[in-house]
Amino acid sequence: MSKIITRFAPSPTGFLHIGGARTALFNWLFAKHHGGEMLLRIEDTDRERSTKEAHEAIIEGLKWLGLDWRGEPVSQFSRVERHKEIVQRLVDEGKAYYCQCSPEELAAMREQARAEGRPMTYDRRCRDLGLCPPHEKPLVVRFKAPREGEIVIDDAVQGRVEFKAQAMDDLVIARADGTPTYNLAVVVDDHDMGVTHIIRGADHLTNAARQTMIYEALGWTPPRMAHIPLIHGPDGAKLSKRHGALGVEAYRAMGYLPEALRNYLARLGWSHGDEEIFTTEQLIEWFGVEAIGKSAARFDFAKLESVNGWWMRNLDDETLLRRFIEFLPHAEDDAELAKAALKVLETDEGRARFAASLPGLKERAKTLKELLSLAGYLFAARPLTVIPKAEKILRNGGREVLARLLPVLERTDWREEALEEAVKAFAESNELKLGKVAQPLRAALTGSNVSPGIFEVLVALGREESLARIADQVRDA
RNA sequence: GCCCCCAUCGUCUAGUGGCCUAGGACGCCGGCCUCUCACGCCGGAAACAGGGGUUCGAGUCCCCUUGGGGGCGCCA
């Protein structure tokens, strides 16, 4: 078998949304699995709606997700002359014709067809008129759909899907301004680019039938197709703007890891037995279209979060630190804290301090965003802002305990075991439960009621800073 | 309206005629661990949409119903 070539072909009319990301992932995995390559084609033939920003957002999103492609992204619009050449060929061969119907007439026809219970397809009134430019009215080019038989798609996911020829429309393949439309351009490009496998959303299934007709008219062999089920929102309808329309950059801003998103997305519609966690290597090794389900899947943030938590915990510290630093400039809401963190992490010692705390921190954070707020005490400057729950602990006797504890800590050797020993002894001799000592300490040291183990925190902050933060609270008593 | 697709716990899914008293994961509930929160561990509730066939035997095959989804542009 020749080399597998897949392609991801988004239209640059918006960011890379989550469904597109999964389509790209599947194309990429499929190609990698077979030792082939993925191509990237930007379907920008709609000049009105295509934007440079969207184009860049898509590239950026793919890169962040860790997906790559062969060569430069291909602009579909740049191939317009080639598309026109094929349109002309179809006209010359009598497989396409000029049509003078205006958009208004077409709309009226559709409305009437619907009212009469007929399919809303073009009634082909211009099919045998033999119209050709120049003409007094604007002319589009329509493809002559076969009038009998059926169009069969042998889809790798959907199975054999049949469309009766009568149900097929004489679709427009060139607009009045002469520019070719999507279905024509896609066929020509996939053919010219040597695409062997098309993996795309099931919303393209009817396009698959249309494109198959064009392949047949041109005498070309269609690529193998796999139409993957769509991703639905929580309400069960196709994911769209009304569900919050999130692009991958939004997931990045929420602190999700690319490896986690890849893992989650792969599991949406595809499975490998009972496995839930996949490294990219495993994904590549195990991925196959035969294990893709046929029904749509709902996007579930809770599961994504859980998968992300696994990756947070299990990624090696070095990679996690890198991801964290990459994340900071994109952090949503916590821009100030992110900036402070970035500044601290620029210095060697700041980075070392953070790295030392990372093992305790990453256990507790489900996302990079949570990691940032959880690690806030490492980046904050004195005097600390204390959250209400922590303040309550300090107010309810916490400060008094700290006042008595402070001198004890001052003469304790600043090592985790020694500190633990000292604090436990202090609690015991004062007939206090450890929690009664640890919680005020935590509040003073981190400004929060939640943090990694308190002795760990003590060491991470260092003797000087720790004592100063405690003293800040004792002074307020 | 017309065409096409889909249907196992709330969600993602395993299941390819007997291994199913239907498994896993997330979430949920209870417990253990414990300086907080997580993690981890133990336990629990929770599904084959309905009806007909086929078969010795059906979650698995066929048909119908119902429900859901997608498409029907001079958008992609």
# chains A, B, ... in the order shown; residues from 1 in each chain; ligands from 1
>>> residues_around(residues="B:C42", least_positions_apart="4", cutoff="12 Å", atoms="only C-alpha atoms (C1' of nucleotides)", output="list in words")
G30, G31, C32 and C33 of chain B
>>> select_by_dssp(residues="stretch 138-261 of chain A", states="alpha helix (DSSP H)", output="number ranges by chain")
A: 182-192, 205-218, 248-253, 258-261
>>> closest_residue(among="A:Gly20, A:Gly94, A:Gly462, A:Gly453", to="chain B", atoms="only C-alpha atoms (C1' of nucleotides)")
A:Gly453
>>> residues_around(residues="B:A14", least_positions_apart="4", cutoff="7 Å", atoms="only C-alpha atoms (C1' of nucleotides)", output="PyMOL selection string")
(chain A and resi 273-274) or (chain B and resi 23-24)
>>> write_last_selection(atoms="C-alpha atoms (C1' of nucleotides)", output="PDB file, in the first residue's frame")
ATOM      1  CA  GLY A 273     -10.813  -1.677  25.674  1.00  0.00           C
ATOM      2  CA  ASP A 274     -11.000  -0.321  29.197  1.00  0.00           C
TER       3      ASP A 274
ATOM      4  C1'   G B  23     -17.343  -4.712  32.835  1.00  0.00           C
ATOM      5  C1'   G B  24     -14.293  -0.049  33.228  1.00  0.00           C
TER       6        G B  24
END
>>> closest_residue(among="B:C9, B:A76, B:A47, B:C28", to="chain A", atoms="only C-alpha atoms (C1' of nucleotides)")
B:A76
